[in-house]
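Peer 1: Can you keep this structure in mind? I'll have questions shortly.
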Number of protein chains: 4
Amino acid sequence: MRQLNGFLYPRTETGRATLIPNPPWQYSGDLLTVEYRTDPAKVKALLPEPLDLAPEDPGAVALIWADWQSCSSSREELLDPIRSQYKEAFVVVRCSFRGVTYSRCVYIWVDKDFAIGRGLHQGYPKKLGSMWQTRPHPFSQGAPQIGPGGVFGASLAAGDRRLAEVVLTLREESETNGFVNGHPMAHHRILPGIAGGQDAYAELISSGSSSFEAGQAWSGDVDLKLFESPTEELADLTVEEIIGGYYRQVGVIWDGGNTLARQTADGSWV
Amino acid sequence: MRQLNGFLYPRTETGRATLIPNPPWQYSGDLLTVEYRTDPAKVKALLPEPLDLAPEDPGAVALIWADWQSCSSSREELLDPIRSQYKEAFVVVRCSFRGVTYSRCVYIWVDKDFAIGRGLHQGYPKKLGSMWQTRPHPFSQGAPQIGPGGVFGASLAAGDRRLAEVVLTLREESETNGFVNGHPMAHHRILPGIAGGQDAYAELISSGSSSFEAGQAWSGDVDLKLFESPTEELADLTVEEIIGGYYRQVGVIWDGGNTLARQTADGSWV
Amino acid sequence: MRQLNGFLYPRTETGRATLIPNPPWQYSGDLLTVEYRTDPAKVKALLPEPLDLAPEDPGAVALIWADWQSCSSSREELLDPIRSQYKEAFVVVRCSFRGVTYSRCVYIWVDKDFAIGRGLHQGYPKKLGSMWQTRPHPFSQGAPQIGPGGVFGASLAAGDRRLAEVVLTLREESETNGFVNGHPMAHHRILPGIAGGQDAYAELISSGSSSFEAGQAWSGDVDLKLFESPTEELADLTVEEIIGGYYRQVGVIWDGGNTLARQTADGSWV
Amino acid sequence: MRQLNGFLYPRTETGRATLIPNPPWQYSGDLLTVEYRTDPAKVKALLPEPLDLAPEDPGAVALIWADWQSCSSSREELLDPIRSQYKEAFVVVRCSFRGVTYSRCVYIWVDKDFAIGRGLHQGYPKKLGSMWQTRPHPFSQGAPQIGPGGVFGASLAAGDRRLAEVVLTLREESETNGFVNGHPMAHHRILPGIAGGQDAYAELISSGSSSFEAGQAWSGDVDLKLFESPTEELADLTVEEIIGGYYRQVGVIWDGGNTLARQTADGSWV
């Protein structure tokens, strides 16, 4: 019988129309990260079975803006950059599964459909949003540089409402650009039952970068604001204490992950 | 343990942030339909296991533009219309499974993330696109009316390339707005394996309207153009013969479907 | 010498590339209007020379959403509806010039460049925004009807910030859809001096519809909210008292206006 | 009487709502330039009174993509980058006025309203478009570097139609990034007559950078395609011979210009 081609839908004979190509997926981009502490109970409330709170600093949250250019191994998307550039903002917490600490994206907004498609595969709960992030440039007339005194702003909106905005003023070199997003990700992948009831499919998967390069990280002062929206819950992760703000340029390759657990017909996870 | 709420991701305690609410989903909108015949081999090439060609008129294709306003049972989305309005264009063929004829959407583009989310559940292979469709209006200064001589244009673009455009000139009342999209839908729902190999989940589901109202259908003359794109295969469904063009206003409720078959670990469908 | 063609820029031999065609311009659309009173001093502060406050009810403000389809006399834009559909929200006050009362648009946001181009000619101070407005439809699954109990929402955003939102619940037929936008418009058309100093050109013009048709107007209850933005001053026109909310479908033709006064080299108006 | 504030419309007491701030305007960005020769008659056909063809290489055309971050002297727009980032593509030819050679932008597309506002002042005939341009990045996973073998793509679309696309493969350092856009600009600023007839105002102005810095320019191989559109005339500037392709990062300040000539009531230019 016919086997169609294409990593995701729509599948065809040639596979050309697929929303996303086969991994590995390659990324170059700039990360603006703000880390803060919220009430750990608010993090716990976002962790479904079979996950628990991370044992240390369980209320830590990372809010990350990323300005990406990405491609498949063919690199053809770079020649038609509407197919390679996208922006995102996402919220990461940590969690624990079978004694191991993972990072977990609880909210994420992107501005391209291929990014949504990748998220379906990777378990990122992607919605569309509008993200803006100040870019560094060699000439300072209209841009900061990555260094002491460099000022970077970022904003996130969805549904024509601003959800978050930040101003980050770089102060000094940093060993890391934060710790909350530093573990392999533990994400659910779900398909609701077409006739109602339990999910037709629910899986907990883990994945991370298969390759990672990064420039010098910088840390600095943070001015962060979160805003209410009737369709979002980001502002409920209230900022109790700023941990830090960071800027870093990175190059990443992602090439799949592995299954941690699946939900069985009786609702348990094995 | 914690059961989170929300029909799709992201799931939370309140369920407020979910990309899409629980069905039923309610729709009011205008459909501009063009039906044509292509080489049946081109339709067959788009039908994966376990589907076959429809026995009658197997090369029939419907290209449909829809201008929708939609909501959940609460109707709250209608008060914040960025959450209820969207446009789409989609391509439907027919297929056969276990002796029953189904409609099947092979390509579809929408302009909102909640529409993508619904498509994940319903098995529509949704990408983002830009769709425009002439609207009727009671005053004719800048609008046609639904009636003899009414002229409606529509266009579809994705990736900053125009993929299709049509001009439909209404001529007379019609019993239907076409037959290709008239059966229950048979759609695959898939999740690729996170570690590669076979799909982690593949299901064939069927669904249709749980409630359907429609105004008088009109048919007319069609001028249809399809355009090439390196990331789309719509133009490969070449127009061999126009069947007809139709305009109709409808009100629809969708409330789930049922599973027709699932793929097993050895790749067979049961 | 060469006379180029095209109503506005860019001008060419054929005139085909011009941002906007020659008037008359034709419009069909739906208007959702909210009228309220603010402090008249706030209206006065928006009226430059040579205008004064209107003698009666000088603090009256209309905030209007419009969902338009528009075209030139050729009507060709209706066949390629990305060229004919646009949405807008605008704020109208009244003013007085040489003893005559005029309407005047003090803020306006649109979502297409051809609408900006028309505004340059007509003196509307157009910015880009994102406007959404509930649409009526014959089928009620996802839409209100224009009649008692019909509920219409609308929102306005710019710069990824929501600026205004309203919910209008229709109650009864109305003789008008308000009075603030009912006079000929008095608008400035300006070009700043390229070398600084006084405007290179400043003109006060008047224009209105050359033809106007309208359906039954409806009035109803209003729930209006204005929001702050660092780049907008709409919220400064605070709502002291709601006058009314209205819904009406209209067909309009615009075909030019006339000059009321010009600014001379010494800054005076004649 | 009341003098309102704000460089362009809408003018208010505070000036805060103005579409664009006072010059000087500061820019940091990346320029991808393709220069080619077309039939000089096609350039001449785009030059209105009182301009003539440039005496040397009169058929030379530059098609330039620019990826900008910009701000006013306050630099506050950089903290809210939706207000500072924009992309554009524009077409430049040369012309002659009173014996001096000028550059002149004949077509330009941008993606923000503040860029349109600046264009009104500077005489750029700006429309909205969708522009994409490959970005260099320190990490090569998803990006080229500015150097030998670096491959950059760019595309331009308007009205949901692709108008141009290019692939530039860098080969070697270059003394310039082209010559067509190297002169002060000579632009018309026009306002059509509100009652029809001759323009209410028509001025020929000149302006250029008040300050300019640039990195090393690179030249390379060009693959350029222009596409037809019913509302654009770019493709009519047919490519007879590629001159070169260039990439350069720049920092620019613009701070006004001067009037070259004005059109008088009898239509002549003085």
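Identifiers for the structure tokens are assigned positionally: chains receive A, B, ... in sequence, residues are indexed from 1 per chain, and ligands are indexed from 1 in the order shown.
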Based on the backbone DSSP call, show me all residues of region 28-198 of chain A assigned strand (DSSP E or B), as a PyMOL selection string.

Peer 2: chain A and resi 28-37+52-53+60-71+85-97+100-110+126-128+130-133+151-158+161-174+185-191

Peer 1: Could you give me, as a count of residues only, the residues within 9 Å of Gln141 (chain D), counting only C-alpha atoms and dropping anything in the same chain fewer than 3 positions from it?

Peer 2: 11

Peer 1: Please, which residues of chain B lie no more than 6 Å from chain D when the count uses only C-alpha atoms, and can they be set out as a list in words?

Peer 2: Ala157, Asp160, Arg161 and Arg162 of chain B

Peer 1: Could you write out, as a PyMOL selection string, all the residues of region 41-166 of chain A that DSSP marks as alpha helix (DSSP H)?

Peer 2: chain A and resi 41-44+113-122

Peer 1: Using C-alpha atoms, can you write the selected residues to a file as a compact mmCIF listing (two decimals), in the first residue's frame?

Peer 2:
# COMPACT_ATOMS: atom_id res chain seq x y z
CA ALA A 41 2.80 26.08 44.57
CA LYS A 42 2.17 27.93 41.31
CA VAL A 43 4.80 25.85 39.56
CA LYS A 44 3.43 22.66 41.09
CA ASP A 113 3.65 27.84 11.52
CA PHE A 114 6.77 25.72 11.01
CA ALA A 115 7.70 26.58 14.59
CA ILE A 116 4.28 25.38 15.74
CA GLY A 117 4.84 22.18 13.78
CA ARG A 118 8.18 21.54 15.44
CA GLY A 119 6.55 22.18 18.80
CA LEU A 120 3.93 19.50 18.14
CA HIS A 121 6.75 17.02 17.73
CA GLN A 122 8.82 18.27 20.66
